[in-house]
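Asker: target.cif is the file, holding mmCIF, C-alpha atoms and all ligand atoms:
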data_start
#
loop_
_atom_site.label_atom_id
_atom_site.label_comp_id
_atom_site.auth_asym_id
_atom_site.auth_seq_id
_atom_site.Cartn_x
_atom_site.Cartn_y
_atom_site.Cartn_z
CA MET A 1 80.36 -9.72 -9.28
CA LYS A 2 79.59 -10.68 -12.87
CA PRO A 3 79.74 -7.92 -15.52
CA ALA A 4 77.75 -8.17 -18.75
CA ALA A 5 79.56 -10.37 -21.28
CA LYS A 6 80.49 -7.38 -23.43
CA ASP A 7 82.12 -5.66 -20.42
CA LEU A 8 84.34 -8.55 -19.25
CA LYS A 9 88.04 -7.62 -19.44
CA ILE A 10 91.47 -9.18 -18.83
CA THR A 11 93.19 -7.30 -15.99
CA ASP A 12 96.35 -9.29 -15.22
CA ILE A 13 98.33 -12.46 -16.01
CA ARG A 14 100.62 -14.07 -13.42
CA PHE A 15 102.68 -17.25 -13.01
CA ALA A 16 103.89 -19.85 -10.52
CA ASP A 17 106.87 -22.11 -11.32
CA ILE A 18 106.89 -25.42 -9.47
CA ASP A 19 109.30 -28.36 -9.64
CA GLY A 20 109.55 -31.85 -8.20
CA LEU A 21 106.17 -33.42 -9.08
CA PRO A 22 108.28 -34.46 -10.95
CA LYS A 23 108.92 -31.86 -13.65
CA HIS A 24 109.25 -28.10 -13.95
CA MET A 25 105.68 -26.89 -14.44
CA ILE A 26 104.59 -23.28 -15.04
CA LEU A 27 101.09 -22.49 -13.85
CA LEU A 28 99.26 -19.44 -15.16
CA LYS A 29 96.31 -17.33 -14.01
CA ILE A 30 94.40 -14.83 -16.14
CA TYR A 31 92.55 -12.35 -13.92
CA THR A 32 89.45 -10.43 -15.02
CA ASN A 33 87.36 -7.49 -13.83
CA SER A 34 85.15 -10.08 -12.11
CA ASP A 35 85.87 -12.81 -9.57
CA ILE A 36 86.51 -15.24 -12.45
CA VAL A 37 90.14 -16.36 -12.81
CA GLY A 38 91.20 -18.55 -15.74
CA TYR A 39 93.74 -21.33 -15.17
CA GLY A 40 96.30 -22.31 -17.78
CA GLU A 41 99.80 -23.74 -17.96
CA VAL A 42 102.90 -23.17 -20.06
CA ARG A 43 104.48 -26.40 -21.44
CA ASP A 44 106.70 -28.45 -19.09
CA ALA A 45 110.37 -27.35 -18.90
CA SER A 46 109.48 -24.15 -20.73
CA SER A 47 109.61 -20.50 -19.67
CA ALA A 48 106.92 -18.12 -18.40
CA THR A 49 108.48 -15.50 -20.69
CA TYR A 50 106.77 -17.12 -23.69
CA ALA A 51 103.41 -16.15 -22.15
CA MET A 52 104.47 -12.92 -20.46
CA MET A 53 105.70 -11.42 -23.73
CA VAL A 54 102.11 -11.25 -25.03
CA LYS A 55 100.52 -9.92 -21.83
CA GLY A 56 100.51 -6.29 -23.01
CA ARG A 57 98.56 -7.35 -26.12
CA LEU A 58 95.78 -8.94 -24.03
CA LEU A 59 95.23 -6.50 -21.16
CA GLY A 60 91.84 -4.80 -21.46
CA GLU A 61 90.62 -7.32 -24.07
CA ASN A 62 87.48 -9.40 -23.63
CA PRO A 63 88.57 -12.95 -22.63
CA LEU A 64 85.39 -14.48 -24.10
CA ASN A 65 86.71 -13.83 -27.63
CA VAL A 66 89.05 -16.82 -27.53
CA GLU A 67 89.57 -17.25 -31.26
CA LYS A 68 90.09 -13.53 -31.89
CA LEU A 69 92.69 -13.26 -29.11
CA PHE A 70 94.49 -16.45 -30.17
CA HIS A 71 94.62 -15.14 -33.72
CA ARG A 72 96.37 -12.05 -32.40
CA ILE A 73 99.03 -13.94 -30.39
CA ARG A 74 99.56 -17.08 -32.49
CA GLN A 75 102.56 -15.50 -34.25
CA PHE A 76 104.35 -15.51 -30.86
CA GLY A 77 104.10 -19.27 -30.47
CA GLY A 78 106.56 -21.78 -31.88
CA HIS A 79 107.40 -25.46 -31.81
CA SER A 80 108.01 -27.39 -28.59
CA ARG A 81 108.39 -25.18 -25.49
CA GLN A 82 107.92 -21.95 -27.46
CA GLY A 83 104.31 -23.01 -28.07
CA GLY A 84 103.71 -23.11 -24.33
CA GLY A 85 102.97 -19.43 -23.83
CA VAL A 86 100.16 -18.88 -26.31
CA SER A 87 98.79 -22.40 -25.69
CA GLY A 88 98.58 -21.87 -21.93
CA ILE A 89 96.81 -18.56 -22.43
CA GLU A 90 94.33 -20.05 -24.90
CA ILE A 91 93.42 -22.77 -22.39
CA ALA A 92 92.96 -20.22 -19.59
CA LEU A 93 90.62 -18.24 -21.88
CA TRP A 94 88.45 -21.34 -22.46
CA ASP A 95 88.40 -21.83 -18.68
CA ILE A 96 87.09 -18.27 -18.27
CA VAL A 97 84.42 -18.77 -20.95
CA GLY A 98 83.24 -21.97 -19.28
CA LYS A 99 83.15 -20.36 -15.84
CA TYR A 100 81.33 -17.27 -17.13
CA TYR A 101 78.56 -19.24 -18.85
CA GLY A 102 78.56 -22.12 -16.35
CA ILE A 103 79.43 -24.95 -18.78
CA PRO A 104 82.36 -27.39 -19.03
CA VAL A 105 85.10 -26.83 -21.61
CA TYR A 106 84.38 -30.10 -23.46
CA GLN A 107 80.92 -28.70 -24.22
CA LEU A 108 82.50 -25.61 -25.77
CA LEU A 109 84.56 -27.94 -27.98
CA GLY A 110 81.45 -29.64 -29.35
CA GLY A 111 80.45 -32.08 -26.61
CA GLN A 112 81.52 -35.54 -25.56
CA TYR A 113 82.57 -38.66 -27.39
CA ARG A 114 83.28 -40.18 -23.96
CA ASP A 115 82.66 -39.36 -20.30
CA ARG A 116 85.81 -41.04 -19.02
CA VAL A 117 89.27 -40.98 -20.51
CA ARG A 118 91.90 -43.74 -20.55
CA VAL A 119 95.21 -42.76 -18.92
CA TYR A 120 98.63 -44.33 -19.38
CA CYS A 121 101.75 -43.78 -17.26
CA ASP A 122 105.00 -43.20 -19.02
CA THR A 123 107.22 -45.68 -17.16
CA ASP A 124 110.98 -45.66 -16.83
CA VAL A 125 113.41 -47.49 -14.59
CA ASP A 126 116.45 -45.42 -13.61
CA GLY A 127 119.96 -46.61 -14.40
CA LYS A 128 121.15 -49.96 -15.73
CA HIS A 129 118.40 -52.56 -15.55
CA THR A 130 116.93 -55.52 -17.40
CA GLY A 131 113.72 -56.20 -19.29
CA HIS A 132 112.59 -58.21 -16.25
CA ASP A 133 112.97 -55.06 -14.10
CA MET A 134 110.99 -52.98 -16.57
CA GLY A 135 108.39 -55.72 -16.95
CA ARG A 136 107.89 -55.82 -13.18
CA ALA A 137 107.53 -51.99 -13.08
CA LEU A 138 104.91 -52.19 -15.84
CA LYS A 139 103.16 -55.09 -14.10
CA LYS A 140 102.71 -52.83 -11.08
CA ARG A 141 100.95 -50.31 -13.32
CA MET A 142 98.64 -53.08 -14.51
CA GLU A 143 97.96 -54.14 -10.92
CA ALA A 144 97.04 -50.51 -10.17
CA GLY A 145 94.42 -50.78 -12.93
CA PHE A 146 96.15 -49.14 -15.89
CA THR A 147 95.11 -50.59 -19.23
CA TYR A 148 97.68 -49.08 -21.61
CA LEU A 149 101.46 -48.99 -21.15
CA LYS A 150 104.49 -47.12 -22.43
CA MET A 151 108.14 -47.59 -21.53
CA ASP A 152 111.40 -45.87 -22.31
CA LEU A 153 113.92 -48.13 -24.03
CA GLY A 154 117.12 -46.54 -25.24
CA ILE A 155 120.63 -47.21 -26.41
CA GLU A 156 122.10 -45.98 -23.10
CA LEU A 157 121.53 -49.58 -21.90
CA LEU A 158 124.20 -50.56 -24.44
CA TYR A 159 126.89 -48.07 -23.41
CA ASP A 160 128.75 -50.58 -21.27
CA GLU A 161 127.92 -53.67 -23.34
CA PRO A 162 130.98 -54.30 -25.57
CA GLY A 163 130.30 -54.73 -29.28
CA THR A 164 126.71 -53.45 -29.25
CA LEU A 165 127.16 -49.93 -30.63
CA ASN A 166 129.14 -48.59 -33.55
CA ALA A 167 130.01 -44.89 -33.33
CA PRO A 168 132.75 -42.36 -34.12
CA ALA A 169 135.56 -42.99 -31.63
CA GLY A 170 135.08 -40.92 -28.49
CA PHE A 171 131.49 -39.86 -29.22
CA LEU A 172 129.90 -42.38 -26.86
CA ASP A 173 132.21 -41.13 -24.10
CA ASP A 174 131.00 -37.59 -24.83
CA LEU A 175 127.39 -38.80 -24.61
CA LYS A 176 128.08 -40.48 -21.27
CA THR A 177 129.84 -37.40 -19.92
CA TYR A 178 127.53 -34.70 -21.17
CA SER A 179 124.03 -36.02 -21.71
CA MET A 180 123.62 -38.82 -19.16
CA LYS A 181 121.69 -36.40 -16.97
CA ALA A 182 119.04 -36.13 -19.65
CA ILE A 183 118.95 -39.88 -20.17
CA SER A 184 119.16 -41.04 -16.56
CA HIS A 185 116.62 -38.65 -15.11
CA GLN A 186 113.78 -38.70 -17.56
CA SER A 187 111.34 -38.88 -14.69
CA GLY A 188 112.60 -35.52 -13.45
CA SER A 189 113.26 -32.10 -14.91
CA ILE A 190 115.60 -31.16 -17.70
CA ASP A 191 118.64 -29.71 -15.95
CA LYS A 192 119.46 -26.08 -16.86
CA SER A 193 123.12 -27.01 -17.36
CA LEU A 194 122.13 -29.21 -20.31
CA MET A 195 121.21 -26.10 -22.25
CA PHE A 196 124.69 -24.54 -22.24
CA GLY A 197 128.19 -25.15 -23.55
CA LYS A 198 129.37 -28.62 -24.56
CA ASN A 199 126.29 -30.15 -22.87
CA TYR A 200 124.05 -28.26 -25.29
CA GLU A 201 126.16 -29.24 -28.30
CA ILE A 202 125.94 -32.95 -27.45
CA PHE A 203 122.29 -32.81 -26.31
CA THR A 204 121.17 -31.30 -29.62
CA VAL A 205 122.92 -33.53 -32.18
CA PRO A 206 119.99 -34.93 -34.22
CA HIS A 207 119.45 -38.62 -34.83
CA TYR A 208 120.86 -38.64 -38.36
CA ALA A 209 124.07 -36.80 -37.42
CA THR A 210 125.32 -38.77 -34.42
CA GLY A 211 126.88 -41.48 -36.59
CA ILE A 212 125.67 -44.08 -34.05
CA HIS A 213 124.60 -47.48 -35.35
CA ILE A 214 123.37 -50.52 -33.45
CA THR A 215 125.23 -53.77 -34.14
CA GLU A 216 123.50 -57.14 -34.53
CA LYS A 217 124.66 -57.92 -30.99
CA GLY A 218 123.08 -54.64 -29.84
CA LEU A 219 119.81 -55.50 -31.59
CA ASP A 220 119.89 -58.95 -29.92
CA TYR A 221 120.29 -57.24 -26.54
CA LEU A 222 117.41 -54.80 -27.08
CA GLU A 223 115.14 -57.45 -28.57
CA ASN A 224 115.80 -59.70 -25.60
CA TYR A 225 114.88 -56.80 -23.30
CA VAL A 226 111.48 -56.49 -25.01
CA ARG A 227 110.99 -60.26 -24.91
CA GLU A 228 111.62 -60.17 -21.15
CA VAL A 229 109.14 -57.33 -20.73
CA ARG A 230 106.44 -59.22 -22.64
CA ARG A 231 107.20 -62.33 -20.57
CA GLU A 232 106.23 -60.30 -17.46
CA ILE A 233 103.22 -58.40 -18.80
CA GLY A 234 101.89 -60.80 -21.44
CA TYR A 235 100.85 -59.98 -24.99
CA GLU A 236 97.32 -58.70 -24.45
CA ILE A 237 98.04 -55.16 -23.24
CA PRO A 238 99.26 -52.35 -25.54
CA LEU A 239 102.89 -51.33 -25.01
CA ALA A 240 104.47 -48.26 -26.66
CA ILE A 241 108.20 -47.42 -26.74
CA ASP A 242 109.81 -43.97 -26.42
CA HIS A 243 113.37 -42.59 -26.26
CA LEU A 244 115.27 -45.12 -28.36
CA GLY A 245 118.01 -42.52 -28.61
CA HIS A 246 119.57 -40.58 -31.43
CA VAL A 247 120.45 -43.26 -33.96
CA ALA A 248 120.13 -43.23 -37.74
CA VAL A 249 116.63 -43.98 -39.06
CA GLU A 250 117.96 -47.14 -40.76
CA ASP A 251 118.89 -48.52 -37.33
CA ALA A 252 115.47 -47.61 -35.95
CA ILE A 253 113.99 -49.59 -38.86
CA ARG A 254 116.24 -52.59 -38.20
CA PHE A 255 115.12 -52.56 -34.55
CA ALA A 256 111.46 -52.07 -35.47
CA ARG A 257 111.56 -55.14 -37.72
CA ARG A 258 112.82 -57.16 -34.77
CA LEU A 259 109.91 -55.81 -32.71
CA GLU A 260 107.05 -56.64 -35.05
CA LYS A 261 106.29 -59.90 -33.25
CA TYR A 262 106.05 -58.16 -29.85
CA ASN A 263 102.93 -56.12 -30.73
CA ILE A 264 104.33 -52.66 -30.09
CA ALA A 265 101.57 -50.01 -29.95
CA TRP A 266 103.85 -47.37 -31.41
CA MET A 267 107.50 -46.26 -31.54
CA GLU A 268 107.86 -42.60 -30.66
CA ASP A 269 110.03 -39.89 -32.21
CA ILE A 270 112.54 -42.19 -33.92
CA ALA A 271 113.67 -39.17 -35.97
CA PRO A 272 113.20 -35.40 -35.53
CA TRP A 273 109.58 -34.73 -36.56
CA THR A 274 110.85 -32.08 -39.00
CA MET A 275 112.56 -34.82 -41.07
CA THR A 276 109.45 -36.04 -42.84
CA GLU A 277 111.43 -38.13 -45.36
CA HIS A 278 113.00 -40.07 -42.46
CA LEU A 279 109.54 -40.70 -41.03
CA ARG A 280 108.32 -41.83 -44.45
CA LYS A 281 111.24 -44.25 -44.75
CA PHE A 282 110.45 -45.77 -41.34
CA ALA A 283 106.73 -46.03 -42.10
CA GLN A 284 107.36 -47.74 -45.43
CA ASN A 285 109.90 -50.22 -44.09
CA SER A 286 108.44 -51.57 -40.87
CA CYS A 287 105.09 -52.64 -39.49
CA VAL A 288 105.48 -50.97 -36.09
CA PRO A 289 103.15 -47.95 -35.87
CA LEU A 290 105.01 -44.64 -35.87
CA GLY A 291 104.22 -41.82 -33.46
CA THR A 292 105.24 -38.17 -33.25
CA GLY A 293 103.76 -34.77 -32.47
CA GLU A 294 104.45 -33.55 -28.92
CA ASP A 295 106.69 -30.77 -30.24
CA ILE A 296 104.56 -29.58 -33.17
CA TYR A 297 102.97 -26.12 -33.02
CA LEU A 298 99.63 -25.61 -34.84
CA ALA A 299 97.47 -28.34 -36.37
CA GLU A 300 98.51 -27.37 -39.92
CA ASN A 301 102.10 -28.44 -39.18
CA PHE A 302 100.92 -32.01 -38.55
CA GLU A 303 99.87 -32.41 -42.17
CA PRO A 304 103.39 -33.16 -43.53
CA VAL A 305 104.04 -35.86 -40.89
CA LEU A 306 100.61 -37.41 -41.40
CA GLY A 307 101.29 -37.41 -45.13
CA ALA A 308 104.60 -39.17 -44.47
CA GLY A 309 102.80 -42.09 -42.85
CA VAL A 310 102.73 -41.28 -39.12
CA ASN A 311 99.75 -43.27 -37.90
CA LEU A 312 99.60 -42.10 -34.30
CA VAL A 313 100.04 -38.50 -33.18
CA HIS A 314 100.77 -37.40 -29.61
CA PRO A 315 100.08 -33.65 -29.53
CA ASP A 316 100.54 -31.65 -26.33
CA ALA A 317 97.68 -29.18 -25.76
CA LEU A 318 100.34 -26.90 -24.26
CA THR A 319 102.43 -26.84 -27.44
CA ILE A 320 99.99 -27.19 -30.34
CA GLY A 321 98.27 -23.86 -29.56
CA GLY A 322 95.62 -25.01 -27.08
CA LEU A 323 92.23 -26.62 -27.47
CA GLY A 324 91.08 -24.95 -30.69
CA GLU A 325 94.13 -26.34 -32.52
CA ILE A 326 93.58 -29.78 -30.97
CA LYS A 327 90.07 -29.82 -32.45
CA LYS A 328 91.47 -28.93 -35.87
CA LEU A 329 94.04 -31.71 -35.52
CA GLY A 330 91.27 -34.19 -34.76
CA ILE A 331 89.71 -33.42 -38.14
CA LEU A 332 93.08 -33.79 -39.92
CA CYS A 333 93.66 -37.14 -38.23
CA GLU A 334 90.35 -38.43 -39.56
CA LYS A 335 91.39 -37.38 -43.06
CA TYR A 336 94.69 -39.29 -42.80
CA GLY A 337 93.55 -42.19 -40.62
CA ALA A 338 95.69 -41.50 -37.56
CA ALA A 339 94.86 -42.16 -33.91
CA ILE A 340 95.60 -39.71 -31.09
CA ALA A 341 97.33 -40.31 -27.75
CA LEU A 342 97.63 -36.96 -25.99
CA HIS A 343 101.07 -36.09 -24.62
CA MET A 344 100.90 -34.75 -21.06
CA ALA A 345 103.83 -34.18 -18.70
CA GLU A 346 102.44 -31.28 -16.73
CA SER A 347 100.34 -30.29 -13.71
CA PRO A 348 96.66 -31.13 -13.14
CA ILE A 349 95.81 -27.94 -15.09
CA GLY A 350 97.46 -29.29 -18.24
CA PHE A 351 96.00 -32.70 -17.41
CA MET A 352 92.42 -31.38 -17.20
CA ALA A 353 92.91 -29.50 -20.49
CA ALA A 354 94.00 -32.81 -22.06
CA VAL A 355 91.03 -34.63 -20.49
CA HIS A 356 88.51 -32.15 -21.95
CA ALA A 357 90.24 -32.41 -25.35
CA ALA A 358 90.18 -36.21 -25.16
CA ALA A 359 86.47 -36.12 -24.30
CA ALA A 360 85.71 -33.95 -27.33
CA LEU A 361 87.86 -35.68 -30.00
CA LYS A 362 86.71 -38.76 -31.86
CA ASN A 363 89.73 -41.03 -32.27
CA VAL A 364 91.56 -40.66 -28.95
CA LEU A 365 93.22 -43.73 -27.45
CA CYS A 366 94.54 -42.31 -24.19
CA VAL A 367 96.16 -39.44 -22.27
CA GLU A 368 99.71 -39.61 -20.92
CA PHE A 369 100.57 -39.21 -17.24
CA HIS A 370 103.95 -38.86 -15.50
CA SER A 371 103.16 -38.30 -11.83
CA VAL A 372 101.70 -41.59 -10.62
CA ASP A 373 104.48 -41.89 -8.03
CA HIS A 374 103.95 -38.32 -6.70
CA PRO A 375 100.86 -38.31 -4.47
CA GLU A 376 100.96 -34.53 -3.94
CA TRP A 377 100.50 -33.97 -7.69
CA TYR A 378 96.86 -35.10 -7.45
CA ASP A 379 96.14 -32.48 -4.78
CA LEU A 380 97.51 -29.46 -6.66
CA ILE A 381 93.89 -28.66 -7.58
CA THR A 382 90.50 -28.79 -5.89
CA PRO A 383 88.74 -31.12 -6.43
CA SER A 384 91.82 -33.31 -6.55
CA VAL A 385 92.49 -35.58 -9.54
CA LYS A 386 91.11 -39.09 -9.25
CA ILE A 387 92.38 -41.83 -11.56
CA GLU A 388 90.50 -45.07 -11.00
CA ASN A 389 91.37 -48.32 -12.76
CA GLY A 390 93.32 -46.36 -15.35
CA PHE A 391 90.53 -43.93 -16.20
CA VAL A 392 89.62 -40.38 -15.21
CA SER A 393 86.03 -39.12 -15.29
CA VAL A 394 85.43 -36.00 -17.36
CA PRO A 395 84.22 -33.26 -14.98
CA ASP A 396 80.90 -31.53 -15.59
CA ALA A 397 81.77 -28.45 -13.50
CA PRO A 398 82.21 -25.11 -15.34
CA GLY A 399 85.43 -24.48 -17.30
CA LEU A 400 88.20 -27.01 -16.80
CA GLY A 401 86.45 -28.22 -13.66
CA ILE A 402 89.06 -26.77 -11.30
CA GLU A 403 87.58 -24.84 -8.37
CA SER A 404 90.89 -23.64 -6.97
CA LEU A 405 94.62 -24.32 -6.82
CA ASN A 406 96.36 -25.62 -3.71
CA GLU A 407 98.49 -22.58 -2.86
CA ASP A 408 100.24 -24.37 0.03
CA LEU A 409 101.58 -27.04 -2.34
CA ILE A 410 102.49 -24.39 -4.93
CA ARG A 411 104.60 -22.63 -2.29
CA LYS A 412 106.08 -25.94 -1.10
CA PHE A 413 107.19 -26.97 -4.61
CA HIS A 414 108.13 -23.47 -5.80
CA LYS A 415 111.08 -23.68 -8.22
CA LYS A 416 113.83 -21.92 -6.35
CA ASP A 417 115.49 -20.06 -9.23
CA CYS A 418 112.17 -18.53 -10.37
CA PRO A 419 110.18 -15.53 -9.02
CA ALA A 420 107.85 -16.16 -6.05
CA PRO A 421 104.49 -17.65 -7.10
CA TRP A 422 102.08 -15.13 -8.64
CA SER A 423 104.62 -12.28 -8.53
CA ASP A 424 103.79 -8.91 -10.08
CA THR A 425 104.30 -8.95 -13.89
CA SER A 426 103.42 -5.31 -14.57
CA HIS A 427 106.84 -4.69 -16.15
CA TRP A 428 105.42 -6.52 -19.21
CA ASP A 429 102.22 -4.43 -19.40
CA GLY A 430 103.60 -1.93 -21.91
CA GLU A 431 105.27 -4.44 -24.27
CA TRP A 432 104.25 -3.95 -27.92
CA ALA A 433 105.53 -3.94 -31.50
CA ASN A 434 104.15 -3.53 -34.99
CA ASP A 435 102.49 -6.97 -35.12
CA ARG A 436 101.25 -6.88 -38.72
CA ILE A 437 103.10 -9.66 -40.53
CA TRP A 438 102.81 -8.22 -44.00
CA SER A 439 103.50 -4.77 -45.46
MG MG A 501 107.87 -38.61 -26.02
#
In structure tokens, what does this structure look like?
Answerer:
Amino acid sequence: MKPAAKDLKITDIRFADIDGLPKHMILLKIYTNSDIVGYGEVRDASSATYAMMVKGRLLGENPLNVEKLFHRIRQFGGHSRQGGGVSGIEIALWDIVGKYYGIPVYQLLGGQYRDRVRVYCDTDVDGKHTGHDMGRALKKRMEAGFTYLKMDLGIELLYDEPGTLNAPAGFLDDLKTYSMKAISHQSGSIDKSLMFGKNYEIFTVPHYATGIHITEKGLDYLENYVREVRREIGYEIPLAIDHLGHVAVEDAIRFARRLEKYNIAWMEDIAPWTMTEHLRKFAQNSCVPLGTGEDIYLAENFEPVLGAGVNLVHPDALTIGGLGEIKKLGILCEKYGAAIALHMAESPIGFMAAVHAAAALKNVLCVEFHSVDHPEWYDLITPSVKIENGFVSVPDAPGLGIESLNEDLIRKFHKKDCPAPWSDTSHWDGEWANDRIWS
């Protein structure tokens, strides 16, 4: 059944929380008064509440009016995970538009710059290890066909190396006690316990306030690690670095200067993105490209970091506000001369949204991917995701190109402390407030 375009209406919005592939992912369906269902996703390690809270404002509305509906709900989005609700809904609306008119989402965004998109795997090696270990892990990615690499390299490798870190007495012990779960399990989900009590206090001390500095011996250690990695993978493939840890920006600069000869593609989030003067200082004092952006909501909020000298942005479609905001960011990046590497740590729904965005943006280098070691991730959708020689083909099917979700796998990986997949959400149907933001 396909009603006339003017009669199409949103009838329901429901969610499924999954975990273990490897992260907490929140899938979303927007139902209509037709057999068309739009697929979206709230940001990884976020909360379905951020989307549910706007459900009452969308019921009965025409899902084809994507910009009008996003304009109504954009005030309920925020940075990082708070952007996940309105972003996931916006993406599901584009999926509905594409399915209704029978065209792929990239076409709705202006068409293709490319028909296949480069993918890189964020790679980490758990626990204490050497640059040789990391180099071998990255070499395996290259052997699997991947053409762009990123690794985590952080100061936790120095915790038990005497004389490598300088910090207020006792603080490193607190870090080891309270935030090692975040550091040691980056391939998995953020643990709920990290968000409460002393864990939360330690987890949320920003870079500039930890008082941690890296000694010359510590810099020698980290530089040697990178040298060992390059010895394994060679110098011809791009290699980015994430998760240095919360150290002062001056120490990030000292490390970056050591890294200039190792051809680092970018260093990621070396200071909170809100601290634009810290970013400017890094950009003006080293020749390693600086990246940030996965936690920034709305394209307009990228302008201060681009102005500070960030020359690579990694927006997440599920935080920035969806695909319309990604298109706006693409234009801003051309103005400032910044490349784009899309952040993506979610399910194949978020992945396909990123792939359509990457197809329709000019200066995209690659899309991130976290699930290469989780074969069931690829089969969460039909047709399943195929990454060949480090590239994914952009689908030409209507909408995001997802025919259906694999409900058996969704039940198998259901996150146990969340409601059953696609549970009734009618208790949110009547939610409202005076939404005018001026008087
Ligand atoms: Mg990152």
Asker: Taking only C-alpha atoms into account, which of A:His374, A:His427, A:Lys55, A:Arg43 comes nearest Ser80 in chain A?
Answerer: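 Among the listed residues, A:Arg43 lies closest to Ser80 in chain A.
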Asker: Which protein, DNA or RNA residues have an atom within 7 Å of ligand MG 501 (chain A), counting all atoms listed in the file, as a list in words?
Answerer: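 Answer in the requested format: Asp242, His243, Glu268, Asp269 and Glu294 of chain A.
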Asker: Give me the residues within 10 Å of Leu153 in chain A as a list in words, counting all atoms listed in the file and dropping any in the same chain fewer than 5 places off.
Answerer: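 Selected residues are Thr123, Asp124, Val125, Gly131, Met134, Leu222, Tyr225, Val226, Ala240, Ile241, Asp242, His243, Leu244 and Gly245 of chain A.
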Asker: Name all residues at most 8 Å from Arg280 in chain A (count only C-alpha atoms; drop same-chain ones fewer than 6 positions away) and give them as a list in words.
Answerer: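 Surrounding residues, per the criterion: Ala308, Gly309 and Val310 of chain A.
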Asker: Name all residues at most 6 Å from range 338-347 of chain A (count only C-alpha atoms; drop same-chain ones fewer than 5 positions away) and give them as a list of chain:residue names.
Answerer: A:Met25, A:Asp44, A:Asn311, A:Leu312, A:Val313, A:His314, A:Pro315, A:Asp316, A:Cys333, A:Asn363, A:Val364, A:Leu365, A:Cys366, A:Val367, A:Glu368, A:Phe369, A:His370
Asker: Give me, as a list of chain:residue names, all polymer residues having an atom no more than 8 Å from Gly321 in chain A, counting all atoms listed in the file and skipping those fewer than 3 positions away in the same chain.
Answerer: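 Close residues of Gly321 in chain A: A:Arg74, A:Gly77, A:Gly83, A:Gly84, A:Val86, A:Ser87, A:Gly88, A:Glu90, A:Tyr297, A:Leu298, A:Ala317, A:Leu318, A:Gly324, A:Glu325, A:Ile326.
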Asker: So which residues touch Val117 in chain A within 10 Å, counting all atoms listed in the file, skipping near sequence neighbours fewer than 6 positions away, as JSON, numbers by chain?
Answerer: {"A": [354, 355, 356, 357, 358, 359, 364, 365, 366, 367, 387, 390, 391, 392, 393, 394]}
Asker: Name the residues within 9 Å of (101.3, -27.5, -13.4), counting all atoms listed in the file in the file's coordinates, and put them as a VMD selection string.
Answerer: chain A and resid 16 to 19 21 23 to 28 40 to 44 345 to 351 377 380
Asker: Using only C-alpha atoms, which of A:Asp429, A:Asp424, A:Glu277, A:Glu161 sits nearest Lys217 in chain A?
Answerer: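 Checking each of A:Asp429, A:Asp424, A:Glu277, A:Glu161 against Lys217 in chain A, counting only C-alpha atoms, the winner is A:Glu161.
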Asker: Missing atoms in range 71-82 of chain A need filling: write out N, CA and C atoms for it as a short mmCIF file (atom, residue, chain, number, x, y, z; two decimals), in the coordinates of the input.
Answerer:
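result02.cif was written with the following content:
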data_model
loop_
_atom_site.label_atom_id
_atom_site.label_comp_id
_atom_site.auth_asym_id
_atom_site.auth_seq_id
_atom_site.Cartn_x
_atom_site.Cartn_y
_atom_site.Cartn_z
N HIS A 71 94.16 -15.58 -32.41
CA HIS A 71 94.62 -15.14 -33.72
C HIS A 71 95.65 -14.02 -33.58
N ARG A 72 95.43 -13.15 -32.60
CA ARG A 72 96.37 -12.05 -32.40
C ARG A 72 97.73 -12.53 -31.90
N ILE A 73 97.75 -13.56 -31.03
CA ILE A 73 99.03 -13.94 -30.39
C ILE A 73 99.67 -15.17 -31.02
N ARG A 74 99.02 -15.81 -31.99
CA ARG A 74 99.56 -17.08 -32.49
C ARG A 74 100.93 -16.91 -33.13
N GLN A 75 101.25 -15.72 -33.65
CA GLN A 75 102.56 -15.50 -34.25
C GLN A 75 103.68 -15.53 -33.21
N PHE A 76 103.33 -15.47 -31.91
CA PHE A 76 104.35 -15.51 -30.86
C PHE A 76 104.54 -16.91 -30.28
N GLY A 77 103.87 -17.88 -30.88
CA GLY A 77 104.10 -19.27 -30.47
C GLY A 77 105.05 -19.94 -31.44
N GLY A 78 105.66 -21.03 -31.01
CA GLY A 78 106.56 -21.78 -31.88
C GLY A 78 106.55 -23.24 -31.47
N HIS A 79 107.38 -24.03 -32.09
CA HIS A 79 107.40 -25.46 -31.81
C HIS A 79 107.95 -25.75 -30.40
N SER A 80 107.59 -26.91 -29.90
CA SER A 80 108.01 -27.39 -28.59
C SER A 80 107.69 -26.36 -27.49
N ARG A 81 108.67 -26.02 -26.66
CA ARG A 81 108.39 -25.18 -25.49
C ARG A 81 107.94 -23.77 -25.88
N GLN A 82 108.33 -23.30 -27.04
CA GLN A 82 107.92 -21.95 -27.46
C GLN A 82 106.41 -21.87 -27.67
#
